[in-house]
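All remarks here apply to the structure that follows.
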Amino acid sequence: ELKVEQNPLFLSMQEGKNYTIYCNYSTTSDRLYWYRQDPGKSLESLFVLLSNGAVKQEGRLMASLDTKARLSTLHITAAVHDLSATYFCAVGGTSYGKLTFGQGTILTVHP
Amino acid sequence: NAGVTQTPKFQVLKTGQSMTLQCAQDMNHEYMSWYRQDPGMGLRLIHYSVGAGITDQGEVPNGYNVSRSTTEDFPLRLLSAAPSQTSVYFCASSYSGGATRGTDTQYFGPGTRLTVL
């Protein structure tokens, strides 16, 4: 059974600081996703990582994938308040249409 | 394109009542899925479909039924609602990309917030 674990689950950051969210998963997969969710809203796709060593960047967020270690990271550079949200990683299953999600990381950025 | 739509947005049921959560997509996606979101547990897959007429169970299928008679629609039925089914329900759709390998990026609907008393 595929298990996905994120840490930390809660992250309180000061504006301007850097931090990393980690996503570990238990079995081999070739698809890793990062989503953002604002309070009371739906999920917004941030990144899709499909191969070992894949790195994608958008603004202050950068995601990477190490399939051998079964680890993905979401790095936040120089955090700003607008990044406050819940971030989920999700791992693709044996069939398309099946994702297993981590518990989510609630990120709060303070002035 | 409207994307993925869900109705209703909010619903309150009494224990034992039945209801159907509606989900539709207009992107001609083959794959559709239902998830529930509970605090501290992320999203958990209830049922999913790989095409019209084909459905399968996810991680937490008990108490829920699905069918997919068309590509566009994927309703979720609660047969006899229980307080443990109080949750936020998200429908999602994705595509394989056909001959070009797709990413299976799932596009989520706005969600249905369900309370069972």
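Chain labels follow the order of the structure tokens: the first chain is A, the next B, and so on; residue numbering restarts at 1 in every chain, and ligands are counted from 1 in their shown order.
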
Could you please tell me, as a PyMOL selection string, which residues of chain B have an atom within 8 Å of chain A when using only C-alpha atoms? chain B and resi 31-33+40-45+48-50+58+90+93-96+103-111

Selection export as a PDB file, in the first residue's frame, atoms kept: C-alpha atoms:
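Dumped to result25.pdb:
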ATOM      1  CA  TYR B  31     -10.265   9.797 -15.761  1.00  0.00           C
ATOM      2  CA  MET B  32     -12.478  11.015 -12.991  1.00  0.00           C
ATOM      3  CA  SER B  33     -12.080  10.590  -9.246  1.00  0.00           C
ATOM      4  CA  GLY B  40      -5.110  16.319   9.197  1.00  0.00           C
ATOM      5  CA  MET B  41      -5.628  13.454   6.749  1.00  0.00           C
ATOM      6  CA  GLY B  42      -5.081  15.024   3.373  1.00  0.00           C
ATOM      7  CA  LEU B  43      -7.349  13.802   0.614  1.00  0.00           C
ATOM      8  CA  ARG B  44      -8.360  10.159   0.394  1.00  0.00           C
ATOM      9  CA  LEU B  45      -9.578   8.475  -2.762  1.00  0.00           C
ATOM     10  CA  TYR B  48     -12.316   6.507  -9.531  1.00  0.00           C
ATOM     11  CA  SER B  49     -13.134   5.832 -13.170  1.00  0.00           C
ATOM     12  CA  VAL B  50     -10.854   5.228 -16.153  1.00  0.00           C
ATOM     13  CA  GLY B  58     -10.156   3.684  -3.920  1.00  0.00           C
ATOM     14  CA  PHE B  90     -13.790  16.872  -4.183  1.00  0.00           C
ATOM     15  CA  SER B  93     -10.601  14.748 -13.678  1.00  0.00           C
ATOM     16  CA  SER B  94      -7.468  14.061 -15.706  1.00  0.00           C
ATOM     17  CA  TYR B  95      -6.345  12.670 -19.046  1.00  0.00           C
ATOM     18  CA  SER B  96      -3.675  10.333 -20.245  1.00  0.00           C
ATOM     19  CA  THR B 103       0.930  13.831 -16.805  1.00  0.00           C
ATOM     20  CA  ASP B 104      -2.362  12.778 -15.189  1.00  0.00           C
ATOM     21  CA  THR B 105      -2.505  16.202 -13.566  1.00  0.00           C
ATOM     22  CA  GLN B 106      -5.837  16.189 -11.787  1.00  0.00           C
ATOM     23  CA  TYR B 107      -8.108  19.200 -12.064  1.00  0.00           C
ATOM     24  CA  PHE B 108     -10.295  19.621  -9.030  1.00  0.00           C
ATOM     25  CA  GLY B 109     -13.819  20.899  -8.700  1.00  0.00           C
ATOM     26  CA  PRO B 110     -14.798  23.486  -6.070  1.00  0.00           C
ATOM     27  CA  GLY B 111     -15.918  20.859  -3.545  1.00  0.00           C
TER      28      GLY B 111
END

Secondary structure check, strand (DSSP E) residues of stretch 1-110 of chain A, as a ChimeraX atom specification: /A:4-7,10-14,19-25,32-37,43-49,55-58,61-66,71-76,85-92,99-101,105-110

Name the residues in contact with B:Pro8 at a cut-off of 8 Å, using only C-alpha atoms, excluding same-chain residues fewer than 6 positions from it; report them as a PyMOL selection string. chain B and resi 21-22+112

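Of the listed residues (B:Val116, B:His47, B:Gln6, B:Glu30), B:Val116 comes nearest to B:Pro83; the distances count only C-alpha atoms.
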
Quick one: residues within 7 Å of B:Ala24, only C-alpha atoms, excluding same-chain residues fewer than 5 positions away - as a list in words? Val4, Thr5, Gln6, Glu72, Asp73 and Phe74 of chain B

Between atom CA of B:Gly51 and atom CA of A:Tyr25, what is the spacing in Å? 27.5 Å

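All residues of protein, DNA or RNA that reach within 10 Å of A:Asn24, judged by only C-alpha atoms and not counting those fewer than 3 positions away in the chain, are Lys3, Val4, Glu5, Gln6, Asn7, Thr27, Asp66, Thr67, Ala69, Arg70, Leu71, Ser72, Thr73, Cys89, Ala90, Val91 and Gly102 of chain A.
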
I need the residues from that last selection saved to file as a PDB file, in the first residue's frame (with N, CA, C and O atoms), if you can.
ATOM      1  N   LYS A   3       2.076   4.788   0.829  1.00  0.00           N
ATOM      2  CA  LYS A   3       1.906   5.781   1.885  1.00  0.00           C
ATOM      3  C   LYS A   3       2.752   7.000   1.553  1.00  0.00           C
ATOM      4  O   LYS A   3       3.880   6.878   1.055  1.00  0.00           O
ATOM      5  N   VAL A   4       2.208   8.154   1.839  1.00  0.00           N
ATOM      6  CA  VAL A   4       2.874   9.422   1.554  1.00  0.00           C
ATOM      7  C   VAL A   4       2.907  10.237   2.837  1.00  0.00           C
ATOM      8  O   VAL A   4       1.856  10.445   3.450  1.00  0.00           O
ATOM      9  N   GLU A   5       4.098  10.667   3.220  1.00  0.00           N
ATOM     10  CA  GLU A   5       4.229  11.436   4.451  1.00  0.00           C
ATOM     11  C   GLU A   5       4.923  12.758   4.173  1.00  0.00           C
ATOM     12  O   GLU A   5       5.964  12.790   3.515  1.00  0.00           O
ATOM     13  N   GLN A   6       4.331  13.811   4.704  1.00  0.00           N
ATOM     14  CA  GLN A   6       4.907  15.136   4.570  1.00  0.00           C
ATOM     15  C   GLN A   6       5.420  15.594   5.919  1.00  0.00           C
ATOM     16  O   GLN A   6       4.868  15.274   6.954  1.00  0.00           O
ATOM     17  N   ASN A   7       6.457  16.382   5.884  1.00  0.00           N
ATOM     18  CA  ASN A   7       6.859  17.082   7.093  1.00  0.00           C
ATOM     19  C   ASN A   7       7.596  18.360   6.722  1.00  0.00           C
ATOM     20  O   ASN A   7       8.230  18.423   5.668  1.00  0.00           O
ATOM     21  N   THR A  27       6.404   3.515  -2.011  1.00  0.00           N
ATOM     22  CA  THR A  27       6.628   2.586  -3.113  1.00  0.00           C
ATOM     23  C   THR A  27       6.930   3.349  -4.395  1.00  0.00           C
ATOM     24  O   THR A  27       6.639   4.546  -4.494  1.00  0.00           O
ATOM     25  N   ASP A  66      13.589  12.968  -6.197  1.00  0.00           N
ATOM     26  CA  ASP A  66      14.603  11.918  -6.156  1.00  0.00           C
ATOM     27  C   ASP A  66      13.856  10.602  -6.033  1.00  0.00           C
ATOM     28  O   ASP A  66      13.426  10.220  -4.946  1.00  0.00           O
ATOM     29  N   THR A  67      13.688   9.899  -7.159  1.00  0.00           N
ATOM     30  CA  THR A  67      12.886   8.675  -7.139  1.00  0.00           C
ATOM     31  C   THR A  67      13.607   7.540  -6.416  1.00  0.00           C
ATOM     32  O   THR A  67      12.954   6.650  -5.873  1.00  0.00           O
ATOM     33  N   ALA A  69      15.457   7.822  -3.691  1.00  0.00           N
ATOM     34  CA  ALA A  69      15.216   8.026  -2.266  1.00  0.00           C
ATOM     35  C   ALA A  69      13.731   8.112  -1.953  1.00  0.00           C
ATOM     36  O   ALA A  69      13.347   8.174  -0.780  1.00  0.00           O
ATOM     37  N   ARG A  70      12.888   8.126  -2.998  1.00  0.00           N
ATOM     38  CA  ARG A  70      11.433   8.291  -2.828  1.00  0.00           C
ATOM     39  C   ARG A  70      11.145   9.545  -2.013  1.00  0.00           C
ATOM     40  O   ARG A  70      10.426   9.518  -1.000  1.00  0.00           O
ATOM     41  N   LEU A  71      11.721  10.637  -2.486  1.00  0.00           N
ATOM     42  CA  LEU A  71      11.649  11.900  -1.767  1.00  0.00           C
ATOM     43  C   LEU A  71      11.466  13.046  -2.741  1.00  0.00           C
ATOM     44  O   LEU A  71      12.140  13.131  -3.774  1.00  0.00           O
ATOM     45  N   SER A  72      10.518  13.902  -2.414  1.00  0.00           N
ATOM     46  CA  SER A  72      10.369  15.151  -3.142  1.00  0.00           C
ATOM     47  C   SER A  72      10.449  16.292  -2.141  1.00  0.00           C
ATOM     48  O   SER A  72      10.058  16.143  -0.980  1.00  0.00           O
ATOM     49  N   THR A  73      10.982  17.418  -2.581  1.00  0.00           N
ATOM     50  CA  THR A  73      11.052  18.595  -1.730  1.00  0.00           C
ATOM     51  C   THR A  73      10.402  19.784  -2.415  1.00  0.00           C
ATOM     52  O   THR A  73      10.412  19.895  -3.650  1.00  0.00           O
ATOM     53  N   CYS A  89       1.597  17.233  -1.208  1.00  0.00           N
ATOM     54  CA  CYS A  89       2.203  16.429  -2.250  1.00  0.00           C
ATOM     55  C   CYS A  89       1.296  15.225  -2.489  1.00  0.00           C
ATOM     56  O   CYS A  89       0.538  14.817  -1.610  1.00  0.00           O
ATOM     57  N   ALA A  90       1.358  14.674  -3.686  1.00  0.00           N
ATOM     58  CA  ALA A  90       0.550  13.514  -4.039  1.00  0.00           C
ATOM     59  C   ALA A  90       1.359  12.652  -4.993  1.00  0.00           C
ATOM     60  O   ALA A  90       2.114  13.171  -5.822  1.00  0.00           O
ATOM     61  N   VAL A  91       1.185  11.360  -4.869  1.00  0.00           N
ATOM     62  CA  VAL A  91       1.944  10.413  -5.665  1.00  0.00           C
ATOM     63  C   VAL A  91       0.987   9.620  -6.556  1.00  0.00           C
ATOM     64  O   VAL A  91      -0.071   9.170  -6.099  1.00  0.00           O
ATOM     65  N   GLY A 102      -0.304  13.251   0.664  1.00  0.00           N
ATOM     66  CA  GLY A 102       0.232  13.446   1.999  1.00  0.00           C
ATOM     67  C   GLY A 102      -0.773  14.203   2.848  1.00  0.00           C
ATOM     68  O   GLY A 102      -1.834  14.634   2.373  1.00  0.00           O
TER      69      GLY A 102
END

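In terms of minimum interatomic distance to A:Cys23, A:Leu74 ranks closest within A:Leu74, A:Val55, A:Leu11, A:Met62, counting only C-alpha atoms.
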
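Our summary of the geometry notes that atom CA of A:Tyr22 is positioned 11.4 Å from atom CA of A:Ile76.
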